[in-house]
>>> print(open('structure_24.pdb').read())   # PDB, C-alpha atoms, pLDDT in the B column
ATOM      1  CA  MET A   1       0.000   0.000   0.000  1.00 47.00           C
ATOM      2  CA  ARG A   2       1.280   3.450  -0.936  1.00 48.00           C
ATOM      3  CA  ASP A   3       1.698   6.255   1.586  1.00 49.00           C
ATOM      4  CA  VAL A   4      -0.951   8.785   0.537  1.00 46.00           C
ATOM      5  CA  THR A   5      -0.289  11.119   3.454  1.00 51.00           C
ATOM      6  CA  ALA A   6       2.901  12.479   1.855  1.00 54.00           C
ATOM      7  CA  GLY A   7       1.065  14.572  -0.739  1.00 68.00           C
ATOM      8  CA  VAL A   8      -1.396  14.378  -3.572  1.00 76.00           C
ATOM      9  CA  LEU A   9      -1.175  11.347  -5.833  1.00 77.00           C
ATOM     10  CA  ARG A  10      -2.670  11.178  -9.308  1.00 78.00           C
ATOM     11  CA  TRP A  11      -3.230   8.113 -11.484  1.00 78.00           C
ATOM     12  CA  ASN A  12      -1.788   8.672 -14.952  1.00 76.00           C
ATOM     13  CA  GLY A  13      -2.936   5.495 -16.657  1.00 72.00           C
ATOM     14  CA  ALA A  14      -2.292   1.799 -16.766  1.00 66.00           C
ATOM     15  CA  GLY A  15       0.564  -0.049 -18.414  1.00 62.00           C
ATOM     16  CA  ALA A  16       4.314  -0.112 -17.991  1.00 61.00           C
ATOM     17  CA  ALA A  17       4.703   3.680 -17.726  1.00 62.00           C
ATOM     18  CA  GLY A  18       1.435   4.232 -15.903  1.00 65.00           C
ATOM     19  CA  GLY A  19       0.710   4.361 -12.224  1.00 75.00           C
ATOM     20  CA  TRP A  20       0.589   6.797  -9.369  1.00 78.00           C
ATOM     21  CA  HIS A  21       2.752   9.898  -9.312  1.00 75.00           C
ATOM     22  CA  GLN A  22       2.968  12.744  -6.849  1.00 78.00           C
ATOM     23  CA  VAL A  23       1.644  16.165  -7.869  1.00 80.00           C
ATOM     24  CA  GLU A  24       1.345  19.534  -6.184  1.00 78.00           C
ATOM     25  CA  PRO A  25      -1.984  19.982  -4.401  1.00 76.00           C
ATOM     26  CA  PRO A  26      -4.338  22.449  -6.060  1.00 74.00           C
ATOM     27  CA  PRO A  27      -4.618  25.837  -4.377  1.00 76.00           C
ATOM     28  CA  ALA A  28      -7.422  26.248  -1.885  1.00 78.00           C
ATOM     29  CA  PRO A  29     -10.378  28.154  -3.339  1.00 78.00           C
ATOM     30  CA  GLN A  30     -10.590  31.770  -2.235  1.00 84.00           C
ATOM     31  CA  GLU A  31     -13.936  33.357  -1.421  1.00 86.00           C
ATOM     32  CA  CYS A  32     -14.913  36.984  -1.106  1.00 87.00           C
ATOM     33  CA  PRO A  33     -18.151  38.915  -0.651  1.00 87.00           C
ATOM     34  CA  VAL A  34     -20.015  39.236  -3.957  1.00 90.00           C
ATOM     35  CA  ALA A  35     -22.835  41.752  -4.306  1.00 90.00           C
ATOM     36  CA  ILE A  36     -25.570  40.918  -6.821  1.00 91.00           C
ATOM     37  CA  VAL A  37     -26.715  44.267  -8.242  1.00 92.00           C
ATOM     38  CA  ILE A  38     -29.667  44.335 -10.633  1.00 92.00           C
ATOM     39  CA  ASP A  39     -30.650  47.522 -12.456  1.00 91.00           C
ATOM     40  CA  GLY A  40     -28.527  49.504  -9.998  1.00 90.00           C
ATOM     41  CA  MET A  41     -30.245  48.024  -6.924  1.00 87.00           C
ATOM     42  CA  SER A  42     -28.227  45.752  -4.649  1.00 86.00           C
ATOM     43  CA  GLN A  43     -30.142  42.509  -4.098  1.00 86.00           C
ATOM     44  CA  ALA A  44     -27.859  40.488  -1.833  1.00 86.00           C
ATOM     45  CA  VAL A  45     -24.290  39.949  -0.739  1.00 87.00           C
ATOM     46  CA  LEU A  46     -23.065  36.353  -0.707  1.00 86.00           C
ATOM     47  CA  MET A  47     -19.730  34.670  -0.115  1.00 86.00           C
ATOM     48  CA  ALA A  48     -18.499  33.113  -3.358  1.00 89.00           C
ATOM     49  CA  THR A  49     -15.410  32.400  -5.378  1.00 89.00           C
ATOM     50  CA  PRO A  50     -14.893  35.362  -7.707  1.00 86.00           C
ATOM     51  CA  HIS A  51     -14.955  33.222 -10.841  1.00 88.00           C
ATOM     52  CA  ASP A  52     -17.751  32.878 -13.404  1.00 92.00           C
ATOM     53  CA  LEU A  53     -19.678  35.702 -11.743  1.00 95.00           C
ATOM     54  CA  ARG A  54     -21.958  36.185 -14.751  1.00 95.00           C
ATOM     55  CA  ASP A  55     -23.203  32.610 -14.411  1.00 95.00           C
ATOM     56  CA  PHE A  56     -23.454  33.030 -10.636  1.00 94.00           C
ATOM     57  CA  ALA A  57     -25.525  36.228 -10.963  1.00 95.00           C
ATOM     58  CA  LEU A  58     -27.762  34.714 -13.662  1.00 95.00           C
ATOM     59  CA  GLY A  59     -28.377  31.641 -11.498  1.00 94.00           C
ATOM     60  CA  PHE A  60     -29.236  33.847  -8.532  1.00 91.00           C
ATOM     61  CA  ALA A  61     -31.653  35.967 -10.578  1.00 91.00           C
ATOM     62  CA  LEU A  62     -33.320  32.862 -12.044  1.00 91.00           C
ATOM     63  CA  THR A  63     -33.742  30.993  -8.752  1.00 89.00           C
ATOM     64  CA  GLU A  64     -35.002  34.106  -6.963  1.00 85.00           C
ATOM     65  CA  GLY A  65     -37.625  34.618  -9.667  1.00 85.00           C
ATOM     66  CA  LEU A  66     -36.207  37.998 -10.693  1.00 87.00           C
ATOM     67  CA  ILE A  67     -35.942  36.840 -14.311  1.00 90.00           C
ATOM     68  CA  ALA A  68     -37.715  34.093 -16.218  1.00 90.00           C
ATOM     69  CA  ALA A  69     -34.865  33.363 -18.641  1.00 93.00           C
ATOM     70  CA  PRO A  70     -31.280  34.494 -19.283  1.00 94.00           C
ATOM     71  CA  ALA A  71     -32.616  36.486 -22.262  1.00 94.00           C
ATOM     72  CA  ASP A  72     -34.239  38.856 -19.723  1.00 95.00           C
ATOM     73  CA  VAL A  73     -30.737  40.212 -19.033  1.00 95.00           C
ATOM     74  CA  GLN A  74     -29.522  42.845 -21.478  1.00 95.00           C
ATOM     75  CA  GLY A  75     -26.198  43.654 -19.879  1.00 95.00           C
ATOM     76  CA  PHE A  76     -23.608  42.411 -17.420  1.00 96.00           C
ATOM     77  CA  GLU A  77     -20.649  44.053 -15.749  1.00 96.00           C
ATOM     78  CA  GLU A  78     -18.216  42.736 -13.191  1.00 95.00           C
ATOM     79  CA  ALA A  79     -16.593  45.284 -10.888  1.00 94.00           C
ATOM     80  CA  GLU A  80     -14.089  45.287  -8.083  1.00 91.00           C
ATOM     81  CA  ALA A  81     -15.253  46.729  -4.810  1.00 84.00           C
ATOM     82  CA  GLU A  82     -13.660  47.349  -1.458  1.00 75.00           C
ATOM     83  CA  ALA A  83     -15.152  47.899   1.937  1.00 67.00           C
ATOM     84  CA  GLY A  84     -13.569  47.861   5.344  1.00 71.00           C
ATOM     85  CA  GLY A  85     -10.183  47.335   3.672  1.00 75.00           C
ATOM     86  CA  PHE A  86     -11.173  43.956   2.210  1.00 78.00           C
ATOM     87  CA  PRO A  87     -11.546  43.045  -1.486  1.00 85.00           C
ATOM     88  CA  ALA A  88     -15.019  42.296  -2.793  1.00 89.00           C
ATOM     89  CA  ARG A  89     -16.768  41.998  -6.163  1.00 93.00           C
ATOM     90  CA  GLU A  90     -19.997  43.225  -7.716  1.00 94.00           C
ATOM     91  CA  ALA A  91     -21.902  41.306 -10.375  1.00 96.00           C
ATOM     92  CA  ARG A  92     -24.142  43.860 -12.099  1.00 96.00           C
ATOM     93  CA  LEU A  93     -27.058  42.815 -14.302  1.00 95.00           C
ATOM     94  CA  TRP A  94     -29.269  45.081 -16.387  1.00 95.00           C
ATOM     95  CA  LEU A  95     -32.687  43.717 -17.270  1.00 93.00           C
ATOM     96  CA  ARG A  96     -34.753  44.340 -20.365  1.00 92.00           C
ATOM     97  CA  PRO A  97     -37.398  47.080 -20.017  1.00 89.00           C
ATOM     98  CA  GLY A  98     -40.601  46.123 -18.223  1.00 85.00           C
ATOM     99  CA  LEU A  99     -39.083  43.908 -15.526  1.00 84.00           C
ATOM    100  CA  ALA A 100     -38.678  46.591 -12.860  1.00 75.00           C
ATOM    101  CA  ALA A 101     -42.045  45.681 -11.265  1.00 73.00           C
ATOM    102  CA  ARG A 102     -40.994  42.025 -10.852  1.00 71.00           C
ATOM    103  CA  LEU A 103     -37.719  43.184  -9.345  1.00 72.00           C
ATOM    104  CA  ALA A 104     -39.508  45.323  -6.753  1.00 70.00           C
ATOM    105  CA  GLU A 105     -41.957  42.509  -5.886  1.00 68.00           C
ATOM    106  CA  ARG A 106     -39.234  39.894  -5.378  1.00 63.00           C
ATOM    107  CA  ARG A 107     -36.717  42.001  -3.415  1.00 60.00           C
ATOM    108  CA  ARG A 108     -34.944  39.754  -0.920  1.00 53.00           C
ATOM    109  CA  SER A 109     -35.618  40.109   2.757  1.00 52.00           C
ATOM    110  CA  MET A 110     -33.985  37.674   5.120  1.00 44.00           C
ATOM    111  CA  VAL A 111     -33.919  38.325   8.840  1.00 45.00           C
ATOM    112  CA  GLY A 112     -32.098  36.098  11.248  1.00 43.00           C
ATOM    113  CA  PRO A 113     -28.700  34.602  11.895  1.00 46.00           C
ATOM    114  CA  VAL A 114     -26.968  32.569   9.211  1.00 51.00           C
ATOM    115  CA  GLY A 115     -23.691  30.679   9.035  1.00 54.00           C
ATOM    116  CA  CYS A 116     -21.539  33.191   7.194  1.00 59.00           C
ATOM    117  CA  GLY A 117     -23.269  36.298   8.532  1.00 56.00           C
ATOM    118  CA  LEU A 118     -23.752  37.824   5.076  1.00 60.00           C
ATOM    119  CA  CYS A 119     -27.039  36.454   3.736  1.00 58.00           C
ATOM    120  CA  GLY A 120     -29.675  39.149   3.961  1.00 59.00           C
ATOM    121  CA  ILE A 121     -27.165  41.989   3.814  1.00 62.00           C
ATOM    122  CA  ASP A 122     -27.758  43.959   0.668  1.00 61.00           C
ATOM    123  CA  SER A 123     -24.584  46.002   0.179  1.00 67.00           C
ATOM    124  CA  ILE A 124     -20.826  45.539   0.289  1.00 70.00           C
ATOM    125  CA  GLU A 125     -20.555  48.499   2.671  1.00 67.00           C
ATOM    126  CA  ALA A 126     -22.886  46.822   5.189  1.00 65.00           C
ATOM    127  CA  ALA A 127     -21.083  43.492   4.814  1.00 64.00           C
ATOM    128  CA  LEU A 128     -17.627  44.879   5.501  1.00 64.00           C
ATOM    129  CA  PRO A 129     -17.726  47.802   7.933  1.00 66.00           C
ATOM    130  CA  PRO A 130     -14.431  49.560   8.682  1.00 69.00           C
ATOM    131  CA  VAL A 131     -12.195  47.743  11.151  1.00 68.00           C
ATOM    132  CA  VAL A 132     -11.938  49.585  14.442  1.00 70.00           C
ATOM    133  CA  PRO A 133      -8.526  49.251  16.066  1.00 73.00           C
ATOM    134  CA  VAL A 134      -8.382  48.029  19.653  1.00 71.00           C
ATOM    135  CA  ALA A 135      -6.880  50.480  22.101  1.00 73.00           C
ATOM    136  CA  SER A 136      -3.289  49.590  22.907  1.00 76.00           C
ATOM    137  CA  GLY A 137      -2.750  47.976  26.269  1.00 79.00           C
ATOM    138  CA  TRP A 138      -6.281  46.554  26.383  1.00 76.00           C
ATOM    139  CA  THR A 139      -6.558  43.064  27.830  1.00 79.00           C
ATOM    140  CA  MET A 140      -9.428  40.741  28.483  1.00 77.00           C
ATOM    141  CA  PRO A 141      -9.745  39.635  32.096  1.00 81.00           C
ATOM    142  CA  PRO A 142      -9.675  35.815  32.597  1.00 82.00           C
ATOM    143  CA  GLY A 143     -13.127  35.819  34.219  1.00 77.00           C
TER     144      GLY A 143
END
>>> encode(input="structure_24.pdb", output="structure tokens")
Amino acid sequence: MRDVTAGVLRWNGAGAAGGWHQVEPPPAPQECPVAIVIDGMSQAVLMATPHDLRDFALGFALTEGLIAAPADVQGFEEAEAEAGGFPAREARLWLRPGLAARLAERRRSMVGPVGCGLCGIDSIEAALPPVVPVASGWTMPPG
């Protein structure tokens, strides 16, 4: 039996030259806050990997009932954002005329605690408030 704790092993095929070989592990995925902005109105901020944001935003809009089909979207823009000194992204969708009423009817509203603390927050600024430095010399008593 091979020692698989030493790293990542990959099978490269059968035969005389085939077998297991060690490879570098893939990098860990990085997440950041992503704001979904539709027709200039922030809908939600979610933690996500900042890749394929157009597909991510379209999927969000479809599952939330904000659009009926991808053809309802006339434009897309991806933008960098920053709040509280942390990087973030915005996925901006522009809908075809006539869908503003549906957008207003389906606006997200989620109250209550969630795992990541972001769901229900509707702007990058609210998700990442400025970091307040702790006064020097401050300690927490053991009790």
>>> residues_near_point(input="structure_24.pdb", point="(-37.4, 48.3, -10.6)", cutoff="10 Å", atoms="only C-alpha atoms", output="list in words")
Ile38, Asp39, Gly40, Met41, Leu95, Pro97, Gly98, Leu99, Ala100, Ala101, Arg102, Leu103, Ala104, Glu105 and Arg107 of chain A
>>> resolve_selection(input="structure_24.pdb", expression="the PyMOL selection byres ((chain A and resi 47-58) around 6)", output="VMD selection string")
chain A and resid 30 to 34 46 59 to 61
>>> atom_distance(input="structure_24.pdb", atom1="CA of Gln74 (chain A)", atom2="CA of Arg92 (chain A)")
10.9 Å
>>> resolve_selection(input="structure_24.pdb", expression="the PyMOL selection byres ((chain A and resi 24) around 12)", output="number ranges by chain")
A: 6-10, 21-23, 25-28
>>> atom_distance(input="structure_24.pdb", atom1="CA of Ala35 (chain A)", atom2="CA of Phe76 (chain A)")
13.2 Å
